[in-house]
Amino acid sequence: GVLFEDGPRSLRVAGNGPATLELISELGIAGMIVPASLKSNVRYLWLNGKRQALPSNFATMLTNELTPDLALGVIREPFKKKGPLEDESLHSFFARRFGFFFADKLVTALANGIWAGDARKLSVLSCMKPLHDME
């Protein structure tokens with residue numbers, strides 16, 4: 001299942017951020033921006049009936065329950081061949097490159113959080129063109 005939460009809206013200043021910041025300034029609402037807490041850098045997944053933090057640095061990788069499953073996919077990735085299709089779903093791309101655990105647990109959550117969509121239906125070419133092009 002998927003948990004949808006209603007919470008604060010966010011602003012990312014990378015990419016088109018300067019144009020967004022200019023619009024905020026023109027609207028006179030720059031004083032309403034609240035910087036994110038450093039605690040927001042920790043990302044969580046709901047797995048096996050509990051909230052689990054994703055490893056965010058080398059130290060947390062050593063003790064994180066998810067590390068063995070994630071590391072296996074990352075270690076194998078450089079040896080994977082390019083896929084035969086011009087485009088494929090996010091889920092298919094990541095399952096092929098990193099394994100099903102990575103695709104099922106991480107990419108599904110990522111697709112829900114960023115695009116509010118289904119990783120099995122979203123195009124890797126449309127959503128993550130730089131990754132697609134690097135293959």
# chains A, B, ... in the order shown; residues from 1 in each chain; ligands from 1
$ closest_atom_pairs --of "stretch 70-135 of chain A" --to "stretch 41-58 of chain A" --cutoff "8 Å" --atoms "only C-alpha atoms" --output "CSV"
residue,atom,partner,partner_atom,distance
A:Lys105,CA,A:Leu45,CA,7.8
A:Leu106,CA,A:Leu45,CA,7.8
A:Ala109,CA,A:Leu45,CA,7.7
$ write_last_selection --atoms "C-alpha atoms" --output "PDB file, in the first residue's frame"
ATOM      1  CA  LYS A 105      11.071  -0.442  -2.243  1.00  0.00           C
ATOM      2  CA  LEU A 106      13.005   2.671  -3.217  1.00  0.00           C
ATOM      3  CA  ALA A 109       8.467   5.380  -3.023  1.00  0.00           C
TER       4      ALA A 109
END
$ select_by_dssp --residues "stretch 28-81 of chain A" --states "helix (DSSP H, G or I)" --output "PyMOL selection string"
chain A and resi 30-32+38-41+58-63+67-79
$ residues_around --residues "A:Asp118" --least-positions-apart "6" --cutoff "12 Å" --atoms "only C-alpha atoms" --output "number ranges by chain"
A: 1-2, 89-92, 103-104, 107-112, 124, 127
$ closest_residue --among "A:Ala119, A:Leu66, A:Ala14, A:Leu27" --to "A:Phe93" --atoms "only C-alpha atoms"
A:Ala119
$ closest_residue --among "A:Leu131, A:Ser123, A:Phe101, A:Ile114" --to "A:Lys82" --atoms "only C-alpha atoms"
A:Leu131
$ select_by_dssp --residues "chain A" --states "strand (DSSP E)" --output "list of chain:residue names"
A:Tyr44, A:Leu45, A:Trp46, A:Leu47, A:Lys50, A:Arg51, A:Gln52, A:Ala53
$ write_last_selection --atoms "C-alpha atoms" --output "PDB file, in the first residue's frame"
ATOM      1  CA  TYR A  44      12.576   6.992   5.657  1.00  0.00           C
ATOM      2  CA  LEU A  45      10.734   4.058   4.164  1.00  0.00           C
ATOM      3  CA  TRP A  46       7.974   2.020   5.771  1.00  0.00           C
ATOM      4  CA  LEU A  47       9.241  -1.554   5.493  1.00  0.00           C
ATOM      5  CA  LYS A  50       8.203  -0.141  10.768  1.00  0.00           C
ATOM      6  CA  ARG A  51       9.800   3.131   9.743  1.00  0.00           C
ATOM      7  CA  GLN A  52      13.368   2.600   8.572  1.00  0.00           C
ATOM      8  CA  ALA A  53      15.882   5.337   7.836  1.00  0.00           C
TER       9      ALA A  53
END
$ atom_distance --atom1 "atom CA of A:Ser10" --atom2 "atom CA of A:Gly117"
18.2 Å
$ residues_around --residues "A:Leu125" --least-positions-apart "4" --cutoff "9 Å" --atoms "only C-alpha atoms" --output "PyMOL selection string"
chain A and resi 86-90+129-133
$ closest_residue --among "A:Gly113, A:Gly28, A:Pro35, A:Gly99" --to "A:Gly73" --atoms "only C-alpha atoms"
A:Gly99
$ atom_distance --atom1 "atom CA of A:Leu70" --atom2 "atom CA of A:Gly83"
20.8 Å
$ decode --residues "stretch 92-105 of chain A" --atoms "all heavy atoms" --output "PDB file, in the first residue's frame"
ATOM      1  N   SER A  92      10.994  -0.921 -14.253  1.00  0.00           N
ATOM      2  CA  SER A  92      11.701  -1.869 -15.096  1.00  0.00           C
ATOM      3  C   SER A  92      13.189  -1.519 -15.197  1.00  0.00           C
ATOM      4  O   SER A  92      14.056  -2.386 -15.085  1.00  0.00           O
ATOM      5  CB  SER A  92      11.062  -1.889 -16.488  1.00  0.00           C
ATOM      6  OG  SER A  92      11.818  -2.662 -17.378  1.00  0.00           O
ATOM      7  N   PHE A  93      13.485  -0.262 -15.410  1.00  0.00           N
ATOM      8  CA  PHE A  93      14.867   0.200 -15.538  1.00  0.00           C
ATOM      9  C   PHE A  93      15.662  -0.113 -14.272  1.00  0.00           C
ATOM     10  O   PHE A  93      16.741  -0.694 -14.328  1.00  0.00           O
ATOM     11  CB  PHE A  93      14.887   1.708 -15.820  1.00  0.00           C
ATOM     12  CG  PHE A  93      16.263   2.305 -15.919  1.00  0.00           C
ATOM     13  CD1 PHE A  93      16.963   2.261 -17.118  1.00  0.00           C
ATOM     14  CD2 PHE A  93      16.858   2.922 -14.832  1.00  0.00           C
ATOM     15  CE1 PHE A  93      18.231   2.821 -17.223  1.00  0.00           C
ATOM     16  CE2 PHE A  93      18.120   3.480 -14.924  1.00  0.00           C
ATOM     17  CZ  PHE A  93      18.807   3.432 -16.125  1.00  0.00           C
ATOM     18  N   PHE A  94      15.117   0.273 -13.107  1.00  0.00           N
ATOM     19  CA  PHE A  94      15.851   0.073 -11.859  1.00  0.00           C
ATOM     20  C   PHE A  94      15.892  -1.390 -11.439  1.00  0.00           C
ATOM     21  O   PHE A  94      16.881  -1.835 -10.846  1.00  0.00           O
ATOM     22  CB  PHE A  94      15.292   0.966 -10.750  1.00  0.00           C
ATOM     23  CG  PHE A  94      15.777   2.381 -10.867  1.00  0.00           C
ATOM     24  CD1 PHE A  94      15.029   3.333 -11.531  1.00  0.00           C
ATOM     25  CD2 PHE A  94      16.997   2.751 -10.340  1.00  0.00           C
ATOM     26  CE1 PHE A  94      15.483   4.634 -11.661  1.00  0.00           C
ATOM     27  CE2 PHE A  94      17.467   4.052 -10.463  1.00  0.00           C
ATOM     28  CZ  PHE A  94      16.703   4.998 -11.132  1.00  0.00           C
ATOM     29  N   ALA A  95      14.856  -2.147 -11.741  1.00  0.00           N
ATOM     30  CA  ALA A  95      14.877  -3.583 -11.437  1.00  0.00           C
ATOM     31  C   ALA A  95      15.965  -4.269 -12.254  1.00  0.00           C
ATOM     32  O   ALA A  95      16.702  -5.119 -11.746  1.00  0.00           O
ATOM     33  CB  ALA A  95      13.513  -4.210 -11.719  1.00  0.00           C
ATOM     34  N   ARG A  96      16.086  -3.881 -13.496  1.00  0.00           N
ATOM     35  CA  ARG A  96      17.097  -4.466 -14.371  1.00  0.00           C
ATOM     36  C   ARG A  96      18.509  -4.054 -13.956  1.00  0.00           C
ATOM     37  O   ARG A  96      19.433  -4.851 -13.939  1.00  0.00           O
ATOM     38  CB  ARG A  96      16.818  -4.029 -15.820  1.00  0.00           C
ATOM     39  CG  ARG A  96      17.673  -4.658 -16.860  1.00  0.00           C
ATOM     40  CD  ARG A  96      17.179  -4.317 -18.270  1.00  0.00           C
ATOM     41  NE  ARG A  96      16.933  -2.902 -18.502  1.00  0.00           N
ATOM     42  CZ  ARG A  96      17.891  -1.984 -18.670  1.00  0.00           C
ATOM     43  NH1 ARG A  96      19.152  -2.335 -18.621  1.00  0.00           N
ATOM     44  NH2 ARG A  96      17.579  -0.723 -18.896  1.00  0.00           N
ATOM     45  N   ARG A  97      18.678  -2.790 -13.570  1.00  0.00           N
ATOM     46  CA  ARG A  97      20.015  -2.276 -13.243  1.00  0.00           C
ATOM     47  C   ARG A  97      20.430  -2.612 -11.804  1.00  0.00           C
ATOM     48  O   ARG A  97      21.599  -2.877 -11.546  1.00  0.00           O
ATOM     49  CB  ARG A  97      20.072  -0.754 -13.415  1.00  0.00           C
ATOM     50  CG  ARG A  97      19.690  -0.223 -14.758  1.00  0.00           C
ATOM     51  CD  ARG A  97      20.671  -0.299 -15.865  1.00  0.00           C
ATOM     52  NE  ARG A  97      22.052  -0.124 -15.573  1.00  0.00           N
ATOM     53  CZ  ARG A  97      23.021  -0.453 -16.429  1.00  0.00           C
ATOM     54  NH1 ARG A  97      22.724  -0.948 -17.607  1.00  0.00           N
ATOM     55  NH2 ARG A  97      24.271  -0.292 -16.118  1.00  0.00           N
ATOM     56  N   PHE A  98      19.484  -2.549 -10.839  1.00  0.00           N
ATOM     57  CA  PHE A  98      19.842  -2.665  -9.425  1.00  0.00           C
ATOM     58  C   PHE A  98      19.150  -3.802  -8.688  1.00  0.00           C
ATOM     59  O   PHE A  98      19.466  -4.067  -7.537  1.00  0.00           O
ATOM     60  CB  PHE A  98      19.526  -1.354  -8.689  1.00  0.00           C
ATOM     61  CG  PHE A  98      20.333  -0.184  -9.163  1.00  0.00           C
ATOM     62  CD1 PHE A  98      19.848   0.665 -10.137  1.00  0.00           C
ATOM     63  CD2 PHE A  98      21.593   0.058  -8.642  1.00  0.00           C
ATOM     64  CE1 PHE A  98      20.588   1.747 -10.576  1.00  0.00           C
ATOM     65  CE2 PHE A  98      22.349   1.136  -9.071  1.00  0.00           C
ATOM     66  CZ  PHE A  98      21.848   1.988 -10.046  1.00  0.00           C
ATOM     67  N   GLY A  99      18.155  -4.430  -9.300  1.00  0.00           N
ATOM     68  CA  GLY A  99      17.450  -5.521  -8.652  1.00  0.00           C
ATOM     69  C   GLY A  99      16.053  -5.125  -8.202  1.00  0.00           C
ATOM     70  O   GLY A  99      15.715  -3.946  -8.106  1.00  0.00           O
ATOM     71  N   PHE A 100      15.241  -6.148  -7.915  1.00  0.00           N
ATOM     72  CA  PHE A 100      13.838  -5.902  -7.570  1.00  0.00           C
ATOM     73  C   PHE A 100      13.657  -5.242  -6.217  1.00  0.00           C
ATOM     74  O   PHE A 100      12.733  -4.461  -6.030  1.00  0.00           O
ATOM     75  CB  PHE A 100      13.025  -7.198  -7.666  1.00  0.00           C
ATOM     76  CG  PHE A 100      12.697  -7.545  -9.085  1.00  0.00           C
ATOM     77  CD1 PHE A 100      13.476  -8.469  -9.777  1.00  0.00           C
ATOM     78  CD2 PHE A 100      11.656  -6.939  -9.750  1.00  0.00           C
ATOM     79  CE1 PHE A 100      13.208  -8.776 -11.101  1.00  0.00           C
ATOM     80  CE2 PHE A 100      11.368  -7.230 -11.072  1.00  0.00           C
ATOM     81  CZ  PHE A 100      12.149  -8.159 -11.751  1.00  0.00           C
ATOM     82  N   PHE A 101      14.509  -5.534  -5.237  1.00  0.00           N
ATOM     83  CA  PHE A 101      14.380  -4.863  -3.940  1.00  0.00           C
ATOM     84  C   PHE A 101      14.496  -3.356  -4.129  1.00  0.00           C
ATOM     85  O   PHE A 101      13.679  -2.586  -3.635  1.00  0.00           O
ATOM     86  CB  PHE A 101      15.451  -5.356  -2.953  1.00  0.00           C
ATOM     87  CG  PHE A 101      15.360  -4.676  -1.616  1.00  0.00           C
ATOM     88  CD1 PHE A 101      14.504  -5.159  -0.642  1.00  0.00           C
ATOM     89  CD2 PHE A 101      16.113  -3.547  -1.331  1.00  0.00           C
ATOM     90  CE1 PHE A 101      14.406  -4.520   0.598  1.00  0.00           C
ATOM     91  CE2 PHE A 101      16.019  -2.906  -0.108  1.00  0.00           C
ATOM     92  CZ  PHE A 101      15.157  -3.399   0.859  1.00  0.00           C
ATOM     93  N   PHE A 102      15.502  -2.930  -4.866  1.00  0.00           N
ATOM     94  CA  PHE A 102      15.735  -1.511  -5.125  1.00  0.00           C
ATOM     95  C   PHE A 102      14.530  -0.892  -5.830  1.00  0.00           C
ATOM     96  O   PHE A 102      14.034   0.165  -5.437  1.00  0.00           O
ATOM     97  CB  PHE A 102      16.992  -1.374  -5.986  1.00  0.00           C
ATOM     98  CG  PHE A 102      17.632  -0.024  -5.954  1.00  0.00           C
ATOM     99  CD1 PHE A 102      18.692   0.238  -5.114  1.00  0.00           C
ATOM    100  CD2 PHE A 102      17.189   0.982  -6.793  1.00  0.00           C
ATOM    101  CE1 PHE A 102      19.296   1.488  -5.093  1.00  0.00           C
ATOM    102  CE2 PHE A 102      17.781   2.236  -6.782  1.00  0.00           C
ATOM    103  CZ  PHE A 102      18.839   2.490  -5.934  1.00  0.00           C
ATOM    104  N   ALA A 103      14.043  -1.564  -6.874  1.00  0.00           N
ATOM    105  CA  ALA A 103      12.916  -1.041  -7.644  1.00  0.00           C
ATOM    106  C   ALA A 103      11.624  -1.041  -6.837  1.00  0.00           C
ATOM    107  O   ALA A 103      10.886  -0.057  -6.830  1.00  0.00           O
ATOM    108  CB  ALA A 103      12.736  -1.853  -8.923  1.00  0.00           C
ATOM    109  N   ASP A 104      11.353  -2.153  -6.150  1.00  0.00           N
ATOM    110  CA  ASP A 104      10.097  -2.287  -5.407  1.00  0.00           C
ATOM    111  C   ASP A 104      10.017  -1.358  -4.202  1.00  0.00           C
ATOM    112  O   ASP A 104       8.960  -0.803  -3.910  1.00  0.00           O
ATOM    113  CB  ASP A 104       9.898  -3.724  -4.931  1.00  0.00           C
ATOM    114  CG  ASP A 104       9.580  -4.683  -6.061  1.00  0.00           C
ATOM    115  OD1 ASP A 104       9.149  -4.224  -7.138  1.00  0.00           O
ATOM    116  OD2 ASP A 104       9.782  -5.894  -5.868  1.00  0.00           O
ATOM    117  N   LYS A 105      11.105  -1.203  -3.498  1.00  0.00           N
ATOM    118  CA  LYS A 105      11.071  -0.442  -2.243  1.00  0.00           C
ATOM    119  C   LYS A 105      11.446   1.025  -2.419  1.00  0.00           C
ATOM    120  O   LYS A 105      10.747   1.905  -1.943  1.00  0.00           O
ATOM    121  CB  LYS A 105      12.000  -1.076  -1.200  1.00  0.00           C
ATOM    122  CG  LYS A 105      11.713  -2.536  -0.933  1.00  0.00           C
ATOM    123  CD  LYS A 105      10.277  -2.782  -0.507  1.00  0.00           C
ATOM    124  CE  LYS A 105      10.042  -4.255  -0.252  1.00  0.00           C
ATOM    125  NZ  LYS A 105       8.658  -4.592  -0.116  1.00  0.00           N
TER     126      LYS A 105
END
